$ cat entry27.txt   # compact mmCIF, C-alpha atoms
# COMPACT_ATOMS: atom_id res chain seq x y z
CA MET A 575 0.00 0.00 0.00
CA PHE A 576 1.53 3.29 -1.08
CA THR A 577 -0.13 6.54 -2.09
CA VAL A 578 1.31 9.98 -2.69
CA GLU A 579 -0.56 13.22 -3.21
CA ARG A 580 1.51 15.91 -4.88
CA LYS A 581 0.76 19.56 -4.28
CA ALA A 582 2.83 22.62 -5.21
CA ASP A 583 4.40 23.02 -1.81
CA ARG A 584 4.05 19.56 -0.32
CA LEU A 585 3.87 15.81 -0.66
CA GLU A 586 1.46 13.72 1.38
CA PHE A 587 2.09 10.00 1.76
CA LEU A 588 0.23 7.03 3.11
CA LEU A 589 2.28 3.85 3.21
CA ALA A 590 2.26 0.39 4.66
CA ALA A 591 4.75 -0.08 7.48
CA ARG A 592 7.51 -1.55 5.31
CA PHE A 593 11.07 -0.25 5.10
CA GLU A 594 11.33 -0.61 1.32
CA LEU A 595 8.51 1.92 0.92
CA VAL A 596 10.64 4.49 2.77
CA ASP A 597 12.94 4.42 -0.25
CA ARG A 598 10.00 5.39 -2.48
CA VAL A 599 9.07 8.24 -0.17
CA CYS A 600 12.64 9.52 -0.28
CA ALA A 601 12.76 9.39 -4.08
CA GLU A 602 9.63 11.56 -4.24
CA VAL A 603 11.02 14.00 -1.69
CA GLU A 604 14.29 14.34 -3.61
CA ARG A 605 12.25 15.51 -6.58
CA LEU A 606 10.35 18.01 -4.42
CA LEU A 607 13.62 19.43 -3.09
CA ALA A 608 14.98 19.78 -6.62
CA GLU A 609 11.83 21.60 -7.75
CA HIS A 610 12.32 24.13 -4.96
CA GLY A 611 16.08 24.51 -5.40
CA LEU A 612 16.74 22.82 -2.06
CA GLU A 613 19.02 19.99 -3.18
CA ASP A 614 21.68 21.15 -0.71
CA LEU A 615 19.37 20.17 2.16
CA GLY A 616 18.94 16.67 0.74
CA PHE A 617 21.19 14.80 3.15
CA VAL A 618 19.62 16.24 6.29
CA VAL A 619 16.04 16.08 5.01
CA LEU A 620 16.32 12.51 3.78
CA LEU A 621 18.18 11.39 6.90
CA GLY A 622 15.54 12.92 9.17
CA LEU A 623 12.71 11.54 7.10
CA ARG A 624 14.23 8.06 7.19
CA GLU A 625 14.72 8.22 10.97
CA ALA A 626 11.17 9.43 11.61
CA LEU A 627 9.67 6.79 9.32
CA ALA A 628 11.85 4.02 10.75
CA ASN A 629 10.72 4.97 14.25
CA ALA A 630 7.10 4.93 13.09
CA ILE A 631 7.50 1.50 11.48
CA CYS A 632 9.45 -0.05 14.37
CA HIS A 633 7.76 1.48 17.40
CA GLY A 634 4.42 2.78 16.13
CA ALA A 635 3.45 -0.05 13.78
CA ARG A 636 5.63 -2.63 15.52
CA LEU A 637 6.82 -3.88 12.13
CA ASP A 638 3.29 -4.91 11.13
CA PRO A 639 3.04 -4.34 7.35
CA GLY A 640 -0.74 -4.29 7.68
CA LYS A 641 -0.52 -0.97 9.51
CA GLU A 642 -0.25 2.42 7.84
CA ILE A 643 2.08 5.36 8.32
CA GLY A 644 1.27 8.91 7.26
CA ALA A 645 3.91 11.43 6.21
CA THR A 646 3.87 14.99 4.91
CA VAL A 647 6.84 16.98 3.63
CA ARG A 648 6.04 20.66 3.22
CA CYS A 649 8.14 23.53 1.86
CA GLU A 650 7.25 26.73 3.68
CA GLU A 651 8.76 30.14 2.97
CA ARG A 652 11.50 29.82 5.59
CA ALA A 653 11.36 26.21 6.69
CA LEU A 654 10.96 22.68 5.51
CA VAL A 655 8.59 20.68 7.68
CA ILE A 656 8.36 16.88 7.96
CA ARG A 657 5.41 15.35 9.78
CA VAL A 658 5.10 11.61 10.41
CA THR A 659 2.08 9.94 12.00
CA ASP A 660 2.04 6.34 13.18
CA PRO A 661 -0.81 4.11 14.44
CA GLY A 662 0.83 3.30 17.74
CA ALA A 663 -0.04 4.18 21.30
CA GLY A 664 2.67 6.83 21.33
CA PHE A 665 5.31 7.26 23.99
CA ASP A 666 6.03 9.50 26.91
CA TRP A 667 8.08 11.99 24.96
CA LYS A 668 7.90 14.61 27.73
CA ARG A 669 9.78 12.27 30.01
CA ILE A 670 12.21 11.38 27.25
CA ILE A 671 12.80 14.98 26.26
CA ALA A 672 12.99 16.30 29.80
CA GLY A 673 14.94 13.46 31.30
CA LYS A 674 17.13 12.24 28.50
CA LEU A 675 17.72 15.20 26.22
CA ALA A 676 21.14 15.82 27.63
CA ALA A 677 22.04 12.16 27.42
CA ILE A 678 20.72 11.89 23.88
CA LYS A 679 22.68 14.93 22.80
CA GLN A 680 25.77 13.43 24.39
CA GLN A 681 24.94 10.20 22.55
CA PRO A 682 24.57 6.76 24.08
CA SER A 683 27.56 4.70 25.05
CA GLN A 684 29.79 5.00 22.03
CA LEU A 685 29.76 1.34 21.21
CA SER A 686 26.08 0.88 21.90
CA LYS A 687 24.36 -0.39 18.79
CA ARG A 688 21.02 1.30 19.39
CA GLY A 689 19.47 4.59 20.44
CA ARG A 690 20.84 7.01 17.88
CA GLY A 691 17.70 7.83 15.87
CA LEU A 692 16.31 10.52 18.14
CA GLY A 693 19.80 11.86 18.72
CA ILE A 694 20.22 12.33 14.97
CA LEU A 695 16.92 14.25 14.76
CA LEU A 696 17.88 16.50 17.67
CA HIS A 697 21.31 17.14 16.22
CA TYR A 698 20.28 18.04 12.69
CA PHE A 699 16.87 19.72 12.98
CA ASP A 700 15.99 23.18 14.25
CA GLY A 701 12.77 21.88 15.76
CA VAL A 702 11.63 18.43 16.90
CA SER A 703 8.17 18.23 18.44
CA PHE A 704 5.52 15.62 19.26
CA ASN A 705 1.77 15.65 19.75
CA PRO A 706 0.62 14.98 23.33
CA ARG A 707 0.08 11.27 22.67
CA GLY A 708 3.49 10.87 21.10
CA ASN A 709 2.52 9.21 17.83
CA VAL A 710 3.05 12.27 15.62
CA VAL A 711 6.47 13.84 15.19
CA GLU A 712 7.17 17.11 13.40
CA LEU A 713 10.64 18.14 12.27
CA GLN A 714 11.49 21.67 11.20
CA LEU A 715 14.55 22.66 9.23
CA CYS A 716 15.18 26.34 8.58
CA ILE A 717 15.75 27.29 4.97
CA PRO A 718 18.46 29.93 4.54
CA ALA A 719 17.11 33.22 3.17
CA GLY A 720 16.98 33.31 -0.60
CA LYS A 721 17.61 29.60 -0.90
CA ARG A 722 14.17 28.43 -1.91
CA HIS A 723 12.59 29.26 -5.23
CA ALA A 724 9.05 28.58 -6.41
CA PRO A 725 8.69 25.47 -8.57
CA MET B 428 25.51 -3.18 -3.27
CA PHE B 429 28.27 -5.39 -1.85
CA GLU B 430 31.50 -6.30 -3.64
CA HIS B 431 34.11 -8.27 -1.77
CA SER B 432 37.77 -8.72 -2.61
CA LYS B 433 40.92 -9.71 -0.76
CA GLU B 434 44.12 -7.66 -0.59
CA ASP B 435 46.82 -9.58 1.29
CA GLU B 436 45.35 -10.09 4.77
CA ARG B 437 42.71 -7.43 4.35
CA ASP B 438 39.14 -8.03 3.30
CA LEU B 439 37.94 -5.11 1.19
CA VAL B 440 34.24 -4.51 0.74
CA ARG B 441 32.97 -1.92 -1.70
CA ILE B 442 29.46 -0.77 -0.88
CA SER B 443 27.27 1.18 -3.26
CA GLY B 444 24.05 2.94 -2.34
CA ASN B 445 22.64 4.16 0.94
CA ILE B 446 23.05 1.98 4.04
CA VAL B 447 19.58 2.30 5.49
CA ALA B 448 16.76 0.37 7.13
CA SER B 449 15.63 -1.33 3.92
CA ASN B 450 18.99 -3.00 3.27
CA ALA B 451 20.84 -2.87 6.60
CA GLY B 452 19.86 -6.45 7.45
CA GLU B 453 21.32 -7.78 4.22
CA LEU B 454 24.60 -5.93 4.72
CA LYS B 455 24.75 -7.05 8.34
CA ALA B 456 24.42 -10.69 7.30
CA GLN B 457 27.11 -10.35 4.62
CA LEU B 458 29.58 -8.70 6.98
CA ALA B 459 28.81 -11.24 9.70
CA LYS B 460 29.61 -14.06 7.26
CA LEU B 461 32.97 -12.47 6.40
CA LEU B 462 33.78 -12.19 10.08
CA ARG B 463 32.70 -15.78 10.73
CA ASP B 464 34.91 -16.87 7.84
CA GLY B 465 37.89 -15.35 9.62
CA ALA B 466 38.24 -11.78 8.43
CA VAL B 467 40.37 -9.88 10.92
CA GLN B 468 41.14 -6.78 8.88
CA LEU B 469 38.04 -5.36 7.30
CA ARG B 470 38.02 -2.24 5.16
CA LEU B 471 34.79 -0.81 3.83
CA ASP B 472 35.03 1.45 0.80
CA LEU B 473 32.15 3.92 1.13
CA ALA B 474 32.82 5.90 -2.06
CA GLY B 475 29.38 4.90 -3.32
CA VAL B 476 27.53 5.59 -0.07
CA PRO B 477 25.88 9.02 0.12
CA LEU B 478 23.81 8.38 3.26
CA ILE B 479 23.77 6.11 6.31
CA ASP B 480 20.86 6.10 8.77
CA SER B 481 20.83 4.90 12.38
CA MET B 482 20.14 1.30 11.34
CA GLY B 483 23.09 1.48 8.96
CA LEU B 484 25.23 2.82 11.78
CA THR B 485 24.14 -0.18 13.85
CA VAL B 486 25.56 -2.51 11.18
CA LEU B 487 28.90 -0.73 11.15
CA ILE B 488 29.06 -0.72 14.94
CA ALA B 489 28.29 -4.46 15.06
CA ALA B 490 31.17 -5.15 12.65
CA HIS B 491 33.43 -2.85 14.66
CA ASN B 492 32.53 -4.60 17.91
CA SER B 493 33.30 -8.01 16.41
CA LEU B 494 36.67 -6.86 15.11
CA GLN B 495 37.54 -5.21 18.39
CA LYS B 496 37.45 -8.60 20.09
CA THR B 497 40.54 -9.49 18.05
CA GLY B 498 42.20 -6.15 18.68
CA LYS B 499 41.33 -4.77 15.24
CA ARG B 500 39.31 -1.79 14.19
CA LEU B 501 36.93 -1.29 11.35
CA GLU B 502 38.56 0.67 8.55
CA LEU B 503 36.46 3.00 6.43
CA THR B 504 37.72 4.67 3.30
CA ASN B 505 36.38 7.19 0.79
CA VAL B 506 33.81 8.52 3.26
CA CYS B 507 31.85 11.45 1.85
CA GLN B 508 31.70 14.71 3.77
CA ASP B 509 28.08 14.33 4.92
CA VAL B 510 28.66 10.83 6.32
CA ARG B 511 31.94 11.92 7.90
CA LYS B 512 30.05 14.69 9.72
CA LEU B 513 27.43 12.18 10.83
CA PHE B 514 30.13 9.95 12.32
CA ALA B 515 31.53 12.97 14.15
CA ALA B 516 28.10 14.04 15.41
CA MET B 517 27.50 10.52 16.75
CA ARG B 518 31.06 10.39 18.10
CA LEU B 519 31.87 7.32 16.11
CA ASP B 520 34.84 8.89 14.35
CA HIS B 521 37.03 8.10 17.35
CA HIS B 522 36.24 4.40 17.07
CA PHE B 523 36.24 3.72 13.35
CA GLU B 524 39.52 4.11 11.53
CA ILE B 525 38.68 6.57 8.78
CA ILE B 526 41.30 6.57 6.06
CA GLY B 527 41.79 9.38 3.56
$ encode --input "entry27.txt" --output "structure tokens"
Amino acid sequence: MFTVERKADRLEFLLAARFELVDRVCAEVERLLAEHGLEDLGFVVLLGLREALANAICHGARLDPGKEIGATVRCEERALVIRVTDPGAGFDWKRIIAGKLAAIKQQPSQLSKRGRGLGILLHYFDGVSFNPRGNVVELQLCIPAGKRHAP
Amino acid sequence: MFEHSKEDERDLVRISGNIVASNAGELKAQLAKLLRDGAVQLRLDLAGVPLIDSMGLTVLIAAHNSLQKTGKRLELTNVCQDVRKLFAAMRLDHHFEIIG
């Protein structure tokens, strides 16, 4: 299951919780960035999008391909905004943010194999926010003045 | 995505494409097989790798941890600037041996 709705300033996706569909989302988003002259942001945008979608698939959908993930990538005048919604119960992000932000920013034990996804988001994005339930994440990346052009 | 060759005692693996959630499991299995088969010096050529996500990092860390048991480190070569910065941000650059 994979659908994409293309609008001038945004892409809206609905996809089954499967990692290979993340690659399709990223291919579409690369085209959107190119249309807006934002190719230079590609690494950060695609990395953040992949992390948010992987979290949604792993934790929100619990790797169940029968569940659906929503994603929107929107080019605003001064920011690029990624929003990912998963079908899960959410998580206590207030506790995570309040209690572990410093630890996440310092990174987990350097040889630990897990726990870097949220740290990557916090490192690269200007804004990382959740809805109260914790099953919707929004990432904001500032666009340098004069960088974006209309498609 | 995965091309293996042998140079003296060193196993060289050329990887092409992103190392991300959709293919990290496959790469992990291939590297694990090399290590099981006795590789003690492993060099990954990342010239064809523009992006690595956290699951890709997990694969590299797993290979590094296995090598470390024999006193070796994972060698990475031809790392692009974006990925190099990611390693630094995640403080992995002090653990991997990044060449060139």
$ atom_distance --input "entry27.txt" --atom1 "CA of Val618 (chain A)" --atom2 "CA of Gly689 (chain A)"
18.3 Å
$ interface_residues --input "entry27.txt" --of "chain B" --to "chain A" --cutoff "9 Å" --atoms "only C-alpha atoms" --output "number ranges by chain"
B: 447-450, 477-482, 484-489, 491-492, 509, 513, 516-519, 522
$ residues_around --input "entry27.txt" --residues "region 465-471 of chain B" --least-positions-apart "2" --cutoff "9 Å" --atoms "only C-alpha atoms" --output "PyMOL selection string"
chain B and resi 436-442+460-463+473+490+494+497-505
$ axis_aligned_box --input "entry27.txt" --around "region 488-507 of chain B" --padding-each-side "8 Å" --output "JSON"
{"center_x": 35.2, "center_y": 1.0, "center_z": 10.4, "size_x": 29.9, "size_y": 36.9, "size_z": 35.3}
$ closest_atom_pairs --input "entry27.txt" --of "region 600-634 of chain A" --to "region 645-662 of chain A" --cutoff "8 Å" --atoms "only C-alpha atoms" --output "JSON lines"
{"residue": "A:Val603", "atom": "CA", "partner": "A:Val647", "partner_atom": "CA", "distance": 7.4}
{"residue": "A:Leu623", "atom": "CA", "partner": "A:Ile656", "partner_atom": "CA", "distance": 6.9}
{"residue": "A:Ala626", "atom": "CA", "partner": "A:Val658", "partner_atom": "CA", "distance": 6.6}
{"residue": "A:Leu627", "atom": "CA", "partner": "A:Val658", "partner_atom": "CA", "distance": 6.7}
{"residue": "A:Ala630", "atom": "CA", "partner": "A:Asp660", "partner_atom": "CA", "distance": 5.3}
{"residue": "A:Ile631", "atom": "CA", "partner": "A:Asp660", "partner_atom": "CA", "distance": 7.5}
{"residue": "A:His633", "atom": "CA", "partner": "A:Gly662", "partner_atom": "CA", "distance": 7.2}
{"residue": "A:Gly634", "atom": "CA", "partner": "A:Gly662", "partner_atom": "CA", "distance": 4.0}
$ residues_around --input "entry27.txt" --residues "Phe699 (chain A)" --least-positions-apart "2" --cutoff "7 Å" --atoms "all atoms listed in the file" --output "ChimeraX atom specification"
/A:695-697,701-702,713-715
$ atom_distance --input "entry27.txt" --atom1 "CA of Val710 (chain A)" --atom2 "CA of Gly644 (chain A)"
9.2 Å
$ atom_distance --input "entry27.txt" --atom1 "CA of Lys581 (chain A)" --atom2 "CA of Arg605 (chain A)"
12.4 Å
$ closest_residue --input "entry27.txt" --among "A:Lys668, A:Arg636, A:Arg598, A:Arg584" --to "His610 (chain A)" --atoms "all atoms listed in the file"
A:Arg584
$ residues_around --input "entry27.txt" --residues "Glu642 (chain A)" --least-positions-apart "2" --cutoff "8 Å" --atoms "only C-alpha atoms" --output "ChimeraX atom specification"
/A:588-591,635,639-640,644,660-661
$ closest_residue --input "entry27.txt" --among "B:Met428, B:Ala451, B:Ala459, B:Ile525" --to "Val476 (chain B)" --atoms "only C-alpha atoms"
B:Met428
